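Trainee: Provided herewith: work.cif, mmCIF, C-alpha atoms.
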```cif
data_protein
#
loop_
_atom_site.group_PDB
_atom_site.id
_atom_site.type_symbol
_atom_site.label_atom_id
_atom_site.label_comp_id
_atom_site.auth_asym_id
_atom_site.auth_seq_id
_atom_site.Cartn_x
_atom_site.Cartn_y
_atom_site.Cartn_z
ATOM 1 C CA ARG A 24 148.625 88.606 123.449
ATOM 2 C CA ARG A 25 145.262 89.316 121.920
ATOM 3 C CA GLN A 26 146.084 92.166 119.559
ATOM 4 C CA TRP A 27 148.947 93.178 117.300
ATOM 5 C CA PRO A 28 150.485 96.593 117.880
ATOM 6 C CA SER A 29 149.757 99.180 115.204
ATOM 7 C CA GLY A 30 152.257 99.770 112.434
ATOM 8 C CA LEU A 31 153.039 96.166 111.453
ATOM 9 C CA SER A 32 153.176 95.242 107.802
ATOM 10 C CA GLU A 33 152.312 91.542 108.124
ATOM 11 C CA ALA A 34 149.742 91.339 110.916
ATOM 12 C CA ARG A 35 147.037 93.746 112.031
ATOM 13 C CA GLY A 36 144.285 94.154 114.602
ATOM 14 C CA ARG A 37 142.975 91.510 116.937
ATOM 15 C CA ILE A 38 144.611 88.121 116.881
ATOM 16 C CA ALA A 39 141.896 85.585 116.119
ATOM 17 C CA ALA A 40 141.235 83.170 118.975
ATOM 18 C CA ASP A 41 142.193 80.234 116.745
ATOM 19 C CA ARG A 42 145.646 81.772 116.152
ATOM 20 C CA ARG A 43 146.453 82.695 119.796
ATOM 21 C CA ALA A 44 148.304 80.713 122.426
ATOM 22 C CA GLU A 45 146.592 79.332 125.485
ATOM 23 C CA VAL A 46 147.714 80.646 128.872
ATOM 24 C CA GLY A 47 151.258 79.381 129.337
ATOM 25 C CA ARG A 48 153.487 78.488 132.254
ATOM 26 C CA ALA A 49 156.965 79.453 133.451
ATOM 27 C CA LEU A 50 159.225 77.668 135.892
ATOM 28 C CA ALA A 51 160.614 80.924 137.283
ATOM 29 C CA GLY A 52 159.930 84.634 137.349
ATOM 30 C CA GLY A 53 162.585 87.222 136.709
ATOM 31 C CA ASP A 54 164.141 87.058 140.152
ATOM 32 C CA GLU A 55 166.121 84.685 142.336
ATOM 33 C CA SER A 56 163.140 83.422 144.356
ATOM 34 C CA GLY A 57 161.741 79.931 143.948
ATOM 35 C CA TRP A 58 163.317 78.330 140.895
ATOM 36 C CA GLY A 59 164.859 81.632 139.773
ATOM 37 C CA GLY A 60 168.340 80.878 141.108
ATOM 38 C CA THR A 61 168.496 77.465 139.455
ATOM 39 C CA VAL A 62 167.147 78.778 136.162
ATOM 40 C CA GLN A 63 169.550 81.733 136.091
ATOM 41 C CA ALA A 64 172.502 79.453 136.871
ATOM 42 C CA LEU A 65 171.385 77.114 134.057
ATOM 43 C CA LEU A 66 171.060 80.012 131.609
ATOM 44 C CA ASP A 67 174.500 81.284 132.624
ATOM 45 C CA ALA A 68 176.017 77.792 132.283
ATOM 46 C CA SER A 69 174.677 77.358 128.751
ATOM 47 C CA ALA A 70 174.907 80.865 127.289
ATOM 48 C CA ASP A 71 176.360 81.418 123.824
ATOM 49 C CA GLY A 72 177.038 77.753 123.144
ATOM 50 C CA ARG A 73 179.331 77.090 126.089
ATOM 51 C CA PHE A 74 178.549 74.482 128.719
ATOM 52 C CA ASP A 75 180.091 75.098 132.096
ATOM 53 C CA ASP A 76 180.604 72.491 134.771
ATOM 54 C CA GLY A 77 177.348 71.826 136.492
ATOM 55 C CA TYR A 78 175.193 72.198 133.373
ATOM 56 C CA GLU A 79 173.833 68.643 133.549
ATOM 57 C CA ALA A 80 173.052 68.860 137.277
ATOM 58 C CA LEU A 81 171.319 72.215 136.810
ATOM 59 C CA LEU A 82 169.359 70.856 133.851
ATOM 60 C CA GLU A 83 168.160 67.875 135.891
ATOM 61 C CA GLU A 84 167.182 70.158 138.776
ATOM 62 C CA ALA A 85 165.225 72.462 136.456
ATOM 63 C CA LEU A 86 163.620 69.457 134.768
ATOM 64 C CA ALA A 87 162.297 68.274 138.147
ATOM 65 C CA GLY A 88 160.637 71.667 138.546
ATOM 66 C CA ILE A 89 159.214 71.553 135.030
ATOM 67 C CA VAL A 90 157.739 68.111 135.655
ATOM 68 C CA ASP A 91 155.980 69.555 138.704
ATOM 69 C CA VAL A 92 154.695 72.526 136.655
ATOM 70 C CA LEU A 93 153.389 70.176 133.961
ATOM 71 C CA ARG A 94 151.761 67.867 136.513
ATOM 72 C CA ARG A 95 149.865 70.785 138.108
ATOM 73 C CA TRP A 96 148.835 72.348 134.772
ATOM 74 C CA ASP A 97 145.058 72.113 134.404
ATOM 75 C CA TRP A 98 144.908 71.964 130.601
ATOM 76 C CA ALA A 99 141.774 71.043 128.690
ATOM 77 C CA ALA A 100 143.688 68.348 126.776
ATOM 78 C CA ARG A 101 147.150 66.913 127.330
ATOM 79 C CA PRO A 102 149.765 67.947 124.742
ATOM 80 C CA ALA A 103 150.244 65.508 121.875
ATOM 81 C CA SER A 104 153.678 66.851 120.884
ATOM 82 C CA ILE A 105 156.447 69.276 121.781
ATOM 83 C CA VAL A 106 157.721 72.021 119.487
ATOM 84 C CA PRO A 107 160.924 73.827 120.490
ATOM 85 C CA VAL A 108 161.470 77.507 119.706
ATOM 86 C CA PRO A 109 164.990 77.729 118.223
ATOM 87 C CA SER A 110 167.334 79.764 120.398
ATOM 88 C CA ARG A 111 170.362 81.630 119.150
ATOM 89 C CA THR A 112 171.878 81.952 122.644
ATOM 90 C CA HIS A 113 170.834 78.592 124.162
ATOM 91 C CA PRO A 114 170.460 76.090 121.290
ATOM 92 C CA ARG A 115 171.614 73.026 123.210
ATOM 93 C CA LEU A 116 169.542 73.917 126.258
ATOM 94 C CA VAL A 117 166.343 74.045 124.189
ATOM 95 C CA ALA A 118 167.222 70.733 122.516
ATOM 96 C CA ASP A 119 168.142 69.014 125.786
ATOM 97 C CA LEU A 120 165.079 70.341 127.566
ATOM 98 C CA THR A 121 162.576 69.329 124.897
ATOM 99 C CA GLU A 122 164.209 65.933 124.396
ATOM 100 C CA ARG A 123 163.989 65.135 128.113
ATOM 101 C CA ILE A 124 160.451 66.446 128.543
ATOM 102 C CA GLY A 125 159.472 64.378 125.508
ATOM 103 C CA ALA A 126 161.070 61.236 126.911
ATOM 104 C CA LEU A 127 159.416 61.670 130.306
ATOM 105 C CA GLY A 128 156.002 62.461 128.824
ATOM 106 C CA ARG A 129 156.286 60.037 125.910
ATOM 107 C CA LEU A 130 155.718 62.908 123.486
ATOM 108 C CA PRO A 131 157.359 63.393 120.094
ATOM 109 C CA VAL A 132 159.565 66.450 119.690
ATOM 110 C CA VAL A 133 158.798 68.006 116.312
ATOM 111 C CA PRO A 134 161.161 70.845 115.280
ATOM 112 C CA ALA A 135 158.558 72.558 113.102
ATOM 113 C CA VAL A 136 159.613 76.123 113.992
ATOM 114 C CA VAL A 137 162.740 77.417 112.260
ATOM 115 C CA ARG A 138 164.652 80.661 112.280
ATOM 116 C CA ARG A 139 164.168 82.200 108.874
ATOM 117 C CA ALA A 140 166.386 85.218 109.330
ATOM 118 C CA GLU A 141 169.018 86.445 111.716
ATOM 119 C CA ARG A 142 167.431 89.338 113.534
ATOM 120 C CA PRO A 143 168.596 91.594 116.349
ATOM 121 C CA PRO A 144 167.903 90.254 119.854
ATOM 122 C CA GLN A 145 164.468 91.124 121.187
ATOM 123 C CA HIS A 146 165.916 93.046 124.146
ATOM 124 C CA THR A 147 167.357 95.605 121.700
ATOM 125 C CA MET A 148 163.909 96.560 120.373
ATOM 126 C CA SER A 149 162.416 99.821 121.623
ATOM 127 C CA ASN A 150 158.645 99.205 121.533
ATOM 128 C CA SER A 151 155.915 96.606 121.001
ATOM 129 C CA ALA A 152 155.659 97.187 117.255
ATOM 130 C CA HIS A 153 159.394 96.601 116.818
ATOM 131 C CA LEU A 154 159.298 93.536 119.096
ATOM 132 C CA ALA A 155 156.370 91.963 117.239
ATOM 133 C CA ASP A 156 157.758 92.781 113.791
ATOM 134 C CA ASN A 157 161.179 91.413 114.752
ATOM 135 C CA ALA A 158 159.666 88.151 116.021
ATOM 136 C CA LEU A 159 157.482 87.723 112.932
ATOM 137 C CA ALA A 160 160.525 88.221 110.697
ATOM 138 C CA ALA A 161 162.714 85.843 112.701
ATOM 139 C CA TYR A 162 160.601 82.666 112.679
ATOM 140 C CA ALA A 163 158.761 80.471 110.209
ATOM 141 C CA VAL A 164 157.104 77.068 110.281
ATOM 142 C CA ASP A 165 158.538 74.294 108.129
ATOM 143 C CA GLU A 166 155.290 72.899 106.745
ATOM 144 C CA ASP A 167 156.885 69.585 105.755
ATOM 145 C CA VAL A 168 158.042 69.027 109.337
ATOM 146 C CA ALA A 169 154.766 70.368 110.780
ATOM 147 C CA ALA A 170 152.940 67.698 108.779
ATOM 148 C CA ASP A 171 154.430 65.201 111.272
ATOM 149 C CA LEU A 172 152.673 66.855 114.224
ATOM 150 C CA PRO A 173 150.097 64.515 115.720
ATOM 151 C CA THR A 174 146.578 65.841 116.117
ATOM 152 C CA GLY A 175 146.220 67.579 119.442
ATOM 153 C CA PRO A 176 147.665 70.410 121.508
ATOM 154 C CA VAL A 177 151.299 71.445 121.136
ATOM 155 C CA LEU A 178 153.601 72.189 124.064
ATOM 156 C CA LEU A 179 155.675 75.107 122.729
ATOM 157 C CA VAL A 180 158.966 75.310 124.652
ATOM 158 C CA ASP A 181 161.241 78.351 124.826
ATOM 159 C CA VAL A 182 164.011 79.357 127.194
ATOM 160 C CA ALA A 183 162.538 82.655 128.366
ATOM 161 C CA THR A 184 160.058 85.371 127.543
ATOM 162 C CA ASP A 185 159.926 89.026 128.408
ATOM 163 C CA SER A 186 157.507 90.847 126.108
ATOM 164 C CA GLY A 187 155.642 87.752 124.927
ATOM 165 C CA TRP A 188 155.947 88.726 121.262
ATOM 166 C CA THR A 189 158.175 85.807 120.259
ATOM 167 C CA LEU A 190 155.702 83.275 121.656
ATOM 168 C CA THR A 191 152.809 85.208 120.102
ATOM 169 C CA ALA A 192 154.436 85.322 116.658
ATOM 170 C CA VAL A 193 155.535 81.681 116.726
ATOM 171 C CA THR A 194 152.093 80.534 117.880
ATOM 172 C CA TRP A 195 150.391 82.629 115.192
ATOM 173 C CA ARG A 196 152.560 81.025 112.511
ATOM 174 C CA LEU A 197 152.243 77.507 113.926
ATOM 175 C CA ARG A 198 148.459 77.604 114.255
ATOM 176 C CA GLU A 199 148.178 78.707 110.641
ATOM 177 C CA VAL A 200 149.358 75.235 109.591
ATOM 178 C CA HIS A 201 148.479 73.224 112.738
ATOM 179 C CA PRO A 202 145.232 74.486 114.300
ATOM 180 C CA PRO A 203 145.126 72.669 117.692
ATOM 181 C CA PRO A 204 145.858 74.700 120.838
ATOM 182 C CA VAL A 205 149.403 75.838 121.632
ATOM 183 C CA LEU A 206 150.519 75.682 125.264
ATOM 184 C CA PRO A 207 153.635 77.828 125.883
ATOM 185 C CA LEU A 208 156.175 76.684 128.478
ATOM 186 C CA VAL A 209 159.296 78.685 129.346
ATOM 187 C CA LEU A 210 162.028 78.328 131.910
ATOM 188 C CA ALA A 211 161.765 81.988 132.893
ATOM 189 C CA THR A 212 159.813 85.165 132.462
ATOM 190 C CA ARG A 213 161.849 88.334 132.481
ATOM 191 C CA PRO A 214 160.554 91.687 133.701
#
```
As structure tokens, how would this structure be written, given the file I've shared?
Mentor:
Amino acid sequence: RRQWPSGLSEARGRIAADRRAEVGRALAGGDESGWGGTVQALLDASADGRFDDGYEALLEEALAGIVDVLRRWDWAARPASIVPVPSRTHPRLVADLTERIGALGRLPVVPAVVRRAERPPQHTMSNSAHLADNALAAYAVDEDVAADLPTGPVLLVDVATDSGWTLTAVTWRLREVHPPPVLPLVLATRP
């Protein structure tokens, strides 16, 4: 996103280039093609804190796809760290995913983004202004933890994105305290 919707109290106008995310990547689109079936099964197996049989196998399968996505990503500079976006519906999945990506890539996982308020789910919002405002209110950056981020780009990992406002808001907050580029990576995009 390059511009905030009108009507927000905290952010206005164009998003400065030094506060925006770089172009991100997703393992799957919002359908069952390609990795979509695996990703949807993984999301179903880990929803709301439960972990069905097959979770580990699905996670490993999705991780193989993510490794391929990361290998083909033509970034200007390799990420120096991983920052997870806290998930209310898939907390363990985000933790497991970032931990394993970090181990494979020899990157530290730095939980600098925190939920600062319980907010309604994004899918319940009716327009861009509500989506952006909700995301801005939901997340903050723990500056003490962010101080541990190594210099260099951040791989920002979330489970899924639909409107893009959560990733936009989190990136905007993160780059306020840690200026290097933010590279979003999600398991799935939703229509």
Trainee: Calculated over all atoms listed in the file, which of the candidates A:Asn157, A:Thr61, A:Thr174, A:Thr147 has the smallest distance to A:Pro102?
Mentor: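 Of A:Asn157, A:Thr61, A:Thr174, A:Thr147, the one nearest A:Pro102, counting all atoms listed in the file, is A:Thr174.
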Trainee: Using only C-alpha atoms, which of the listed residues (A:Gly59, A:Gly175, A:Pro28, A:Gly52) sits closest to A:Asp156?
Mentor: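 Using only C-alpha atoms, A:Asp156 sits closest to A:Pro28.
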Trainee: Run the PyMOL selection byres ((chain A and resi 39) around 12) mentally over the shown coordinates, then write out the matched residues as a list of chain:residue names, using the chain letters and numbers from the document.
Mentor: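 Evaluating the PyMOL selection byres ((chain A and resi 39) around 12) on this file yields A:Arg24, A:Arg25, A:Gln26, A:Trp27, A:Ala34, A:Arg35, A:Gly36, A:Arg37, A:Ile38, A:Ala40, A:Asp41, A:Arg42, A:Arg43, A:Ala44, A:Thr191, A:Thr194, A:Trp195, A:Arg198, A:Glu199, A:Pro202.
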Trainee: Would you compute the distance between atom CA of A:Asp71 and atom CA of A:Thr184? Give it in Å to one decimal.
Mentor: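 Value for the atom CA of A:Asp71-atom CA of A:Thr184 distance: 17.2 Å.
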Trainee: Mind telling me what the PyMOL selection byres ((chain A and resi 116) around 9) catches here, as a list in words?
Mentor: Leu65, Leu66, Ser69, Ala70, Gly72, Leu82, Ser110, His113, Pro114, Arg115, Val117, Ala118, Asp119, Leu120, Thr121 and Val182 of chain A
Trainee: The PyMOL selection byres ((chain A and resi 162) around 10) on the file shown: which residues, as a PyMOL selection string?
Mentor: chain A and resi 108-109+136-142+157-161+163-165+189+192-193+196-197
Trainee: I need the residue nearest A:Ala126 from this list: A:Ile105, A:His153, A:Leu210, A:Leu179. Use only C-alpha atoms for the distance.
Mentor: A:Ile105
Trainee: From the list A:Gly47, A:Pro134, A:Pro176, A:Gly30, which residue is nearest A:Trp96 when using only C-alpha atoms?
Mentor: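 The closest residue to A:Trp96 is A:Gly47.
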Trainee: Between atom CA of A:Ser29 and atom CA of A:Asp185, what distance in Å does the model show, to one decimal?
Mentor: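 A separation of 19.5 Å between them.
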Trainee: Using all atoms listed in the file, pick whichever of A:Thr212, A:Pro204, A:Leu172, A:Gln145 has the shortest atom-to-atom distance to A:Trp188.
Mentor: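 Between A:Thr212, A:Pro204, A:Leu172, A:Gln145, the residue approaching A:Trp188 most closely is A:Gln145.
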Trainee: Quick one: pull the distance between atom CA of A:Ala135 and atom CA of A:Val209, Å, one decimal.
Mentor: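 These atoms are spaced 17.4 Å apart.
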Trainee: At a cut-off of 8 Å, using all atoms listed in the file, what residues contact A:Ser104? Leave out same-chain residues fewer than 6 positions from it and give the result as a ChimeraX atom specification.
Mentor: /A:125,130-133,172-173,175-178
